[in-house]
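What's in target_3.txt: compact mmCIF, C-alpha atoms
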# COMPACT_ATOMS: atom_id res chain seq x y z
CA MET A 1 132.09 119.04 148.26
CA LEU A 2 132.00 122.52 149.77
CA ILE A 3 131.15 121.40 153.30
CA ARG A 4 133.74 118.64 153.15
CA HIS A 5 136.37 121.12 151.96
CA ILE A 6 135.61 123.54 154.81
CA GLY A 7 135.73 120.66 157.29
CA GLU A 8 139.07 119.48 155.94
CA GLU A 9 140.49 122.99 156.13
CA LEU A 10 139.41 123.45 159.75
CA ALA A 11 140.60 119.96 160.74
CA GLN A 12 144.18 120.58 159.62
CA SER A 13 144.38 124.24 160.72
CA GLU A 14 145.69 125.50 164.06
CA PHE A 15 143.32 128.46 163.78
CA THR A 16 140.07 127.92 165.66
CA PRO A 17 136.84 129.83 164.97
CA VAL A 18 135.93 131.87 168.06
CA ASP A 19 133.21 134.16 166.69
CA TYR A 20 130.62 134.09 163.95
CA GLU A 21 128.67 137.12 162.71
CA LEU A 22 130.77 139.33 164.99
CA GLN A 23 129.30 142.81 165.37
CA ILE A 24 131.85 145.60 165.19
CA GLN A 25 130.00 148.62 166.51
CA GLU A 26 129.77 151.17 169.28
CA GLY A 27 129.05 149.30 172.50
CA GLY A 28 129.40 145.95 170.72
CA PRO A 29 131.75 143.02 171.37
CA VAL A 30 134.46 144.90 169.45
CA GLU A 31 134.52 148.67 169.12
CA PRO A 32 134.75 150.04 165.58
CA LEU A 33 137.78 151.65 164.03
CA HIS A 34 137.73 155.39 164.74
CA VAL A 35 139.24 158.00 162.44
CA VAL A 36 139.61 161.52 163.80
CA LEU A 37 139.31 164.38 161.30
CA PRO A 38 141.39 167.57 161.50
CA GLY A 39 138.37 169.46 162.84
CA GLY A 40 137.89 167.02 165.70
CA GLU A 41 135.00 165.08 164.16
CA GLN A 42 135.16 161.30 164.40
CA VAL A 43 134.24 158.62 161.89
CA ALA A 44 133.34 155.18 163.22
CA VAL A 45 133.48 152.29 160.75
CA GLU A 46 131.04 149.56 161.79
CA GLY A 47 130.18 146.19 160.27
CA LYS A 48 129.77 142.46 160.77
CA VAL A 49 132.48 139.81 160.35
CA ASP A 50 131.41 136.39 159.08
CA ARG A 51 134.06 134.56 161.12
CA VAL A 52 136.97 135.33 163.45
CA ASP A 53 139.68 132.69 163.99
CA ILE A 54 142.41 132.64 166.64
CA MET A 55 145.67 130.72 166.91
CA GLU A 56 147.86 130.83 170.01
CA LYS A 57 151.45 129.82 169.37
CA ASP A 58 154.50 130.24 171.62
CA GLY A 59 152.63 132.68 173.82
CA VAL A 60 151.44 134.85 170.91
CA LYS A 61 147.83 135.14 169.72
CA TYR A 62 147.17 135.61 166.03
CA VAL A 63 143.79 136.61 164.60
CA ARG A 64 142.38 136.27 161.10
CA VAL A 65 139.02 137.33 159.72
CA VAL A 66 137.18 135.19 157.19
CA ASP A 67 134.45 136.26 154.78
CA TYR A 68 132.21 133.75 152.99
CA LYS A 69 131.55 134.61 149.34
CA THR A 70 128.92 132.87 147.21
CA GLY A 71 130.17 134.66 144.09
CA SER A 72 133.67 134.99 142.71
CA LYS A 73 136.03 137.19 144.69
CA ASP A 74 139.67 137.91 143.91
CA PHE A 75 141.43 140.08 146.44
CA ARG A 76 143.95 142.42 144.85
CA LEU A 77 146.10 144.45 147.17
CA SER A 78 146.51 147.18 144.56
CA ASP A 79 142.74 147.83 144.66
CA VAL A 80 143.14 149.25 148.17
CA LEU A 81 145.18 152.12 146.71
CA TYR A 82 141.97 153.30 145.06
CA GLY A 83 139.66 152.77 148.02
CA LEU A 84 138.36 149.40 146.82
CA ASN A 85 138.23 146.08 148.70
CA MET A 86 138.80 147.78 152.07
CA GLN A 87 136.05 146.08 154.08
CA MET A 88 137.94 143.08 155.40
CA ILE A 89 141.10 145.07 156.13
CA LEU A 90 138.95 147.47 158.15
CA TYR A 91 137.51 144.58 160.14
CA LEU A 92 140.96 143.15 160.80
CA ALA A 93 142.20 146.59 161.90
CA ALA A 94 139.28 146.95 164.31
CA VAL A 95 139.90 143.53 165.86
CA TRP A 96 143.66 144.19 166.00
CA GLU A 97 143.29 147.59 167.65
CA ASN A 98 140.08 147.20 169.66
CA GLY A 99 139.70 143.48 170.27
CA THR A 100 141.87 143.24 173.41
CA LYS A 101 138.91 143.07 175.77
CA ARG A 102 137.44 140.10 173.89
CA TYR A 103 140.51 138.24 172.67
CA GLY A 104 143.47 139.60 174.60
CA LYS A 105 146.45 141.08 172.79
CA VAL A 106 146.54 139.80 169.21
CA LEU A 107 148.61 140.17 166.07
CA PRO A 108 146.97 140.30 162.63
CA ALA A 109 147.33 137.00 160.75
CA GLY A 110 145.38 138.10 157.69
CA VAL A 111 142.09 138.35 155.84
CA LEU A 112 140.68 135.49 153.79
CA TYR A 113 137.76 135.19 151.40
CA MET A 114 136.30 131.69 151.47
CA PRO A 115 134.24 130.49 148.47
CA ALA A 116 130.80 129.46 149.68
CA GLY A 117 129.14 128.58 146.39
CA LYS A 118 129.02 125.29 144.53
CA PRO A 119 132.14 125.08 142.36
CA LEU A 120 131.78 124.13 138.71
CA VAL A 121 134.47 122.92 136.32
CA SER A 122 134.38 122.04 132.65
CA ALA A 123 136.08 118.85 131.54
CA ASP A 124 135.96 116.27 128.78
CA ARG A 125 134.35 112.91 129.49
CA ASP A 126 137.65 111.04 129.55
CA VAL A 127 139.38 113.39 132.00
CA PRO A 128 140.47 111.44 135.11
CA SER A 129 138.39 112.15 138.20
CA GLU A 130 141.56 113.05 140.12
CA ARG A 131 142.17 115.95 137.74
CA VAL A 132 138.59 117.16 138.13
CA GLN A 133 138.95 117.00 141.91
CA ALA A 134 142.16 119.02 141.70
CA GLN A 135 140.37 121.70 139.70
CA LEU A 136 137.54 121.79 142.23
CA GLN A 137 140.06 122.17 145.06
CA ARG A 138 141.65 125.15 143.30
CA LYS A 139 138.27 126.82 142.92
CA LEU A 140 137.61 126.36 146.65
CA ARG A 141 140.97 127.75 147.76
CA MET A 142 140.67 130.92 149.83
CA ASN A 143 142.26 134.14 148.65
CA GLY A 144 143.24 137.28 150.51
CA LEU A 145 146.24 138.56 152.43
CA VAL A 146 148.29 136.60 155.00
CA LEU A 147 150.97 137.68 157.46
CA GLU A 148 154.44 136.98 156.05
CA ASP A 149 155.40 134.61 158.83
CA PRO A 150 156.09 130.87 158.27
CA THR A 151 154.62 130.10 161.71
CA VAL A 152 151.33 131.73 160.73
CA ILE A 153 151.30 130.17 157.26
CA ARG A 154 151.88 126.66 158.65
CA GLY A 155 149.28 127.39 161.32
CA MET A 156 146.76 127.98 158.56
CA GLU A 157 147.92 125.09 156.39
CA ALA A 158 150.07 122.38 157.96
CA GLN A 159 151.72 121.29 154.71
CA ALA A 160 152.00 124.87 153.40
CA GLN A 161 151.40 123.80 149.81
CA GLY A 162 148.78 126.40 148.93
CA VAL A 163 145.86 123.97 148.94
CA PHE A 164 143.61 125.91 151.32
CA ILE A 165 145.23 129.38 151.42
CA PRO A 166 146.80 131.52 148.67
CA VAL A 167 150.34 131.03 150.03
CA ALA A 168 152.81 128.16 149.80
CA LEU A 169 156.21 127.83 151.42
CA LYS A 170 159.39 126.94 149.56
CA ASP A 171 162.56 126.37 151.56
CA GLY A 172 160.73 127.76 154.58
CA GLN A 173 159.72 131.05 152.95
CA PRO A 174 156.70 132.17 150.88
CA ALA A 175 157.12 130.97 147.31
CA LYS A 176 155.34 134.11 146.04
CA LEU A 177 154.82 137.43 147.77
CA ASP A 178 151.58 138.50 146.08
CA SER A 179 149.37 137.45 149.01
CA VAL A 180 151.61 138.15 152.02
CA ALA A 181 152.55 141.24 154.02
CA SER A 182 154.92 141.80 156.92
CA LEU A 183 153.63 143.12 160.24
CA THR A 184 155.08 146.55 159.38
CA GLN A 185 153.32 146.47 156.02
CA MET A 186 150.06 145.53 157.73
CA GLY A 187 150.42 148.71 159.76
CA VAL A 188 151.13 150.75 156.61
CA LEU A 189 148.01 149.24 155.02
CA VAL A 190 145.81 150.23 157.96
CA LYS A 191 147.25 153.79 157.99
CA HIS A 192 146.56 154.12 154.28
CA ILE A 193 142.95 153.03 154.73
CA GLU A 194 142.49 155.45 157.63
CA HIS A 195 143.71 158.28 155.40
CA LEU A 196 141.31 157.22 152.65
CA ILE A 197 138.41 157.26 155.12
CA GLU A 198 139.53 160.67 156.37
CA GLY A 199 139.56 161.98 152.80
CA MET A 200 136.10 160.55 152.08
CA ALA A 201 134.66 162.07 155.25
CA LYS A 202 136.19 165.48 154.56
CA THR A 203 134.68 165.67 151.08
CA LEU A 204 131.28 164.62 152.42
CA TYR A 205 131.43 167.24 155.16
CA ALA A 206 132.28 169.80 152.47
CA GLY A 207 129.27 168.71 150.42
CA ASP A 208 131.41 167.40 147.58
CA VAL A 209 129.56 164.45 146.06
CA ARG A 210 130.85 164.64 142.50
CA PRO A 211 130.87 161.22 140.78
CA GLU A 212 134.38 159.81 140.27
CA PRO A 213 133.71 156.15 139.44
CA ALA A 214 136.47 153.58 139.17
CA SER A 215 137.17 152.49 135.63
CA GLY A 216 139.46 150.17 133.71
CA GLU A 217 138.98 146.55 134.75
CA TYR A 218 136.10 147.78 136.90
CA ASP A 219 132.88 149.39 135.73
CA ALA A 220 131.55 151.10 138.83
CA CYS A 221 128.50 152.34 136.92
CA ALA A 222 127.36 148.92 135.69
CA TRP A 223 125.20 148.12 138.74
CA CYS A 224 124.84 151.56 140.31
CA PRO A 225 121.17 152.37 141.17
CA TYR A 226 121.82 156.14 140.99
CA GLY A 227 122.82 156.32 137.34
CA ALA A 228 119.68 158.27 136.43
CA VAL A 229 120.42 161.08 138.90
CA CYS A 230 124.20 161.39 139.23
CA GLY A 231 124.75 162.95 135.81
CA HIS A 232 127.93 161.02 135.08
CA GLU A 233 128.70 160.33 131.45
CA LYS A 234 131.28 157.86 130.22
CA ASP A 235 134.47 159.40 128.84
CA ASP A 236 133.81 162.77 130.46
CA GLY A 237 137.22 162.72 132.15
CA THR A 238 136.03 162.21 135.73
CA ASP A 239 136.71 158.47 135.99
CA ARG A 240 139.45 157.08 138.27
CA PRO A 241 141.43 154.55 136.23
CA VAL A 242 142.32 151.53 138.38
CA GLN A 243 145.69 150.01 137.59
CA ARG A 244 147.14 146.75 138.82
CA TRP A 245 150.45 146.89 140.72
CA ASP A 246 152.56 144.21 142.35
CA ARG A 247 152.89 144.04 146.13
CA ASP A 248 156.17 145.90 146.43
CA GLU A 249 154.93 148.78 144.27
CA VAL A 250 151.70 149.00 146.29
CA PHE A 251 153.56 149.39 149.56
CA ARG A 252 156.09 151.77 148.00
CA ARG A 253 153.24 154.04 146.94
CA MET A 254 151.53 153.78 150.32
CA GLU A 255 154.75 154.58 152.17
CA THR A 256 155.39 157.55 149.86
CA GLU A 257 151.90 158.90 150.53
CA GLU A 258 152.39 158.45 154.28
CA SER A 259 155.71 160.29 154.14
CA GLU A 260 154.21 163.16 152.10
CA LYS A 261 151.29 163.47 154.51
CA ALA A 262 153.63 163.54 157.52
CA ASN A 263 155.78 166.24 155.90
CA SER A 264 152.72 168.35 155.03
CA ASN A 265 151.67 168.31 158.68
Re-express the file's structure as structure tokens.
Amino acid sequence: MLIRHIGEELAQSEFTPVDYELQIQEGGPVEPLHVVLPGGEQVAVEGKVDRVDIMEKDGVKYVRVVDYKTGSKDFRLSDVLYGLNMQMILYLAAVWENGTKRYGKVLPAGVLYMPAGKPLVSADRDVPSERVQAQLQRKLRMNGLVLEDPTVIRGMEAQAQGVFIPVALKDGQPAKLDSVASLTQMGVLVKHIEHLIEGMAKTLYAGDVRPEPASGEYDACAWCPYGAVCGHEKDDGTDRPVQRWDRDEVFRRMETEESEKANSN
């Protein structure tokens, strides 16, 4: 089921895989994203991308990065406000900014998490097989963030019905905006992440390693191997409550932070 679904997705998509296990690193096929600190120090963010896909349309190249997930993974744009779920956006930013030598000039088409585990559904014995298949298809649908461009959306899914990607078109435009971002918003997203990395690096340079785990829907301490040494206690007031915001509010907050940072400089 899984292999067939991936094959069907690739067969109908205008995006073609061009790299697997792409190394983003110093001296690698794609240079890492660099963040310069106020003191002149540089942070290089390296990693490995499961898959890079390219579509060339009307003289423009679009790139998307795909991550295979054996477990459940729901991308929430609002998590990025708190420094969570940044990995794939960082990879896309690196390919967008530093991938010219390998791919030519590209525009970011999005990041997608592709389920790579065997999907399971619960159903009564008399449920029609077509309904079971529909449920399986929904569980195999990718999630993530896609460029708010009908050309890109149809390039990923010819019928644009939200079968393979988390976006469907209605009257030529995205039916919902939760999983799309304009090119300008993509740039705002990358800037926000760069500022988060800068803040993390500055605190590390200063020797500040106080625990401030995410809380709320997340329990950052649940699987942390350093619980015995960090000294963090629940309800001690140092947690960072993670709230869920819609897309417009996320970008409003990011743009406000960007404006405040620019004014402070």
(message) Excluding segment 148-156 of chain A and its own-chain neighbours fewer than 6 positions away, which residues fall within 9 Å of it when counting only C-alpha atoms? Please give them as a PyMOL selection string.
(response) chain A and resi 9-10+12-15+55+57+62+109+164-165+167-169+172-174+177+179-183
Can you write out the residues you just picked, keeping C-alpha atoms, as a PDB file, in the coordinates of the input?
ATOM      1  CA  GLU A   9     140.490 122.990 156.130  1.00  0.00           C
ATOM      2  CA  LEU A  10     139.410 123.450 159.750  1.00  0.00           C
ATOM      3  CA  GLN A  12     144.180 120.580 159.620  1.00  0.00           C
ATOM      4  CA  SER A  13     144.380 124.240 160.720  1.00  0.00           C
ATOM      5  CA  GLU A  14     145.690 125.500 164.060  1.00  0.00           C
ATOM      6  CA  PHE A  15     143.320 128.460 163.780  1.00  0.00           C
ATOM      7  CA  MET A  55     145.670 130.720 166.910  1.00  0.00           C
ATOM      8  CA  LYS A  57     151.450 129.820 169.370  1.00  0.00           C
ATOM      9  CA  TYR A  62     147.170 135.610 166.030  1.00  0.00           C
ATOM     10  CA  ALA A 109     147.330 137.000 160.750  1.00  0.00           C
ATOM     11  CA  PHE A 164     143.610 125.910 151.320  1.00  0.00           C
ATOM     12  CA  ILE A 165     145.230 129.380 151.420  1.00  0.00           C
ATOM     13  CA  VAL A 167     150.340 131.030 150.030  1.00  0.00           C
ATOM     14  CA  ALA A 168     152.810 128.160 149.800  1.00  0.00           C
ATOM     15  CA  LEU A 169     156.210 127.830 151.420  1.00  0.00           C
ATOM     16  CA  GLY A 172     160.730 127.760 154.580  1.00  0.00           C
ATOM     17  CA  GLN A 173     159.720 131.050 152.950  1.00  0.00           C
ATOM     18  CA  PRO A 174     156.700 132.170 150.880  1.00  0.00           C
ATOM     19  CA  LEU A 177     154.820 137.430 147.770  1.00  0.00           C
ATOM     20  CA  SER A 179     149.370 137.450 149.010  1.00  0.00           C
ATOM     21  CA  VAL A 180     151.610 138.150 152.020  1.00  0.00           C
ATOM     22  CA  ALA A 181     152.550 141.240 154.020  1.00  0.00           C
ATOM     23  CA  SER A 182     154.920 141.800 156.920  1.00  0.00           C
ATOM     24  CA  LEU A 183     153.630 143.120 160.240  1.00  0.00           C
TER      25      LEU A 183
END
(request) Can you work out which one of A:Gly187, A:Leu145, A:Arg125, A:Gly104 has the shortest atom-to-atom distance to Val60 of chain A, counting all atoms listed in the file? (result) A:Gly104
(request) Write out as a VMD selection string which residues come within 12 Å of segment 219-232 of chain A when counting only C-alpha atoms, dropping same-chain ones fewer than 6 positions away. (result) chain A and resid 84 209 to 213 238 to 242
(message) One decimal, in Å: what's the spacing between atom CA of Trp96 of chain A and atom CA of Ile24 of chain A?
(response)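 Between atom CA of Trp96 of chain A and atom CA of Ile24 of chain A the gap is 11.9 Å.
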(request) Grab the atom CA of Val66 of chain A to atom CA of Asp50 of chain A distance for me, in Å with one decimal place. (result) 6.2 Å
(message) I need the residue nearest Gly110 of chain A from this list: A:Asp79, A:Val63, A:Arg138, A:Ala94. Use only C-alpha atoms for the distance.
(response)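 Once distances to Gly110 of chain A are computed over only C-alpha atoms, the minimum belongs to A:Val63.
Here atom CA of Ala11 of chain A is placed at a distance of 16.0 Å from atom CA of Glu56 of chain A.
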